[in-house]
Structure formats: C-alpha cells, structure tokens
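Here is the structure we will look at, set down as structure tokens.
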Amino acid sequence: MAPTVASPATGAVASPIASDLGKAARSVGLGLPALPPLPGLASHGQPRVASFCKRLARNVVSMAAGEPAAPLADNAELTEFFNGLKQEWDRVEDKYAVTTLAVAATLGMWSAGGVVSAIDRLPVVPGLMEVVGIGYSGWFAYKNLLFKPDRY
C-alpha cells in the first residue's frame, strides 16, 4: 500500500500517487507546468447559459399553462423590423425564386471570396492589383471629379 501524506494547510490526507497523477494531468509530459486557465471562460459562460436555460424553462412552463410566452427581444425596433420583414415576405408571390436567388447570391459571394483569396496568395499579383486600383481611382477622379462641367 502506498504511503499517505497529510497536507498542512487543510489536514487532508492524499496519496503520493494521486498527487503524481494530478501533476501529469497538469503538464504536457515534458515536466513543464500547465498554463493557467484563460480568464473569463468559466466565469462568463455559465451565467449566460443558466440565464438562457431559465428563460427557456419559463417559456415552456407558460406555454404549458396556456399563457403567452414573454418575448425574447424586448427591443421595439427589432420587433418592428422583423414584423415588416414578415409582411414583405408574405407579399412575395414567387418565394421559390427569391429563395433560389438568395442562395445563388450567397454561393456567388463565397466563391468570389475564394477567387480573391487565391489571387491574393500569388506573389506579385496583390501589389500589381493595388497599383491598378490606385491608377484607376486617379483616372476616375481626374476624368469625373476635377472639372466642374463634367461632374456627375
């Protein structure tokens, strides 16, 4: 049986094997001390989760009792925005086409971002594109903004 060691601060009795296991769990195995926990992760995550769970439970109880649930967003502007959005969506005749266009636009933006990211990784192209953009901006300002009769 392993000998036990009493802790002077608490008077608790612990086994040296258990303390070695605790050290192994805290270190990477290279004899290095473990990093301290990130500040705020444990303290900030739990109250939000608990608050959400309490609110969810309250809504479930009120629905079971037949009472209307309390609104999740008390912001009047946000509710007004969503009500307007619902009214606009109800007025749309071809919901399938609008949904298809929204999905196509999202996929197009995602693929355009991929193309720009791929071009940005090339060694010379980003600098060249910057020079072209500065040149075009200068030309546009000269052509359309500098002289009074030609302003738009």
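In the structure tokens, the first chain shown is A, the next is B, and so on; residue numbers restart at 1 for each chain, and ligands run from 1 in the order shown.
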Review point. Can you list, as a list in words, every protein, DNA or RNA residue that comes within 12 Å of Val116 in chain A when you count only C-alpha atoms, leaving out same-chain residues fewer than 5 positions away?
Key: Met109, Trp110, Ser111, Arg121, Leu122, Val125, Pro126 and Met129 of chain A
Would you save the residues of that selection, restricted to C-alpha atoms, as a PDB file, in the first residue's frame?
```pdb
ATOM      1  CA  MET A 109     -20.160  35.756 -52.823  1.00  0.00           C
ATOM      2  CA  TRP A 110     -18.498  32.748 -51.200  1.00  0.00           C
ATOM      3  CA  SER A 111     -16.868  31.646 -54.459  1.00  0.00           C
ATOM      4  CA  ARG A 121      -1.761  34.331 -52.289  1.00  0.00           C
ATOM      5  CA  LEU A 122       0.144  34.779 -55.553  1.00  0.00           C
ATOM      6  CA  VAL A 125      -0.416  39.951 -58.133  1.00  0.00           C
ATOM      7  CA  PRO A 126      -1.552  41.760 -54.922  1.00  0.00           C
ATOM      8  CA  MET A 129      -3.685  44.943 -58.280  1.00  0.00           C
TER       9      MET A 129
END
```
Point to revise | Interatomic distance, CA of Arg58 in chain A to CA of Phe81 in chain A (Å, one decimal) | key: 25.5 Å
Check your understanding: So how many Å separate CA of Phe82 in chain A and CA of Asn59 in chain A, to one decimal?
Key ->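 Taking CA of Phe82 in chain A and CA of Asn59 in chain A, their separation equals 20.3 Å.
Computed from the coordinates, the CA of Gly84 in chain A to CA of Val98 in chain A distance equals 17.0 Å.
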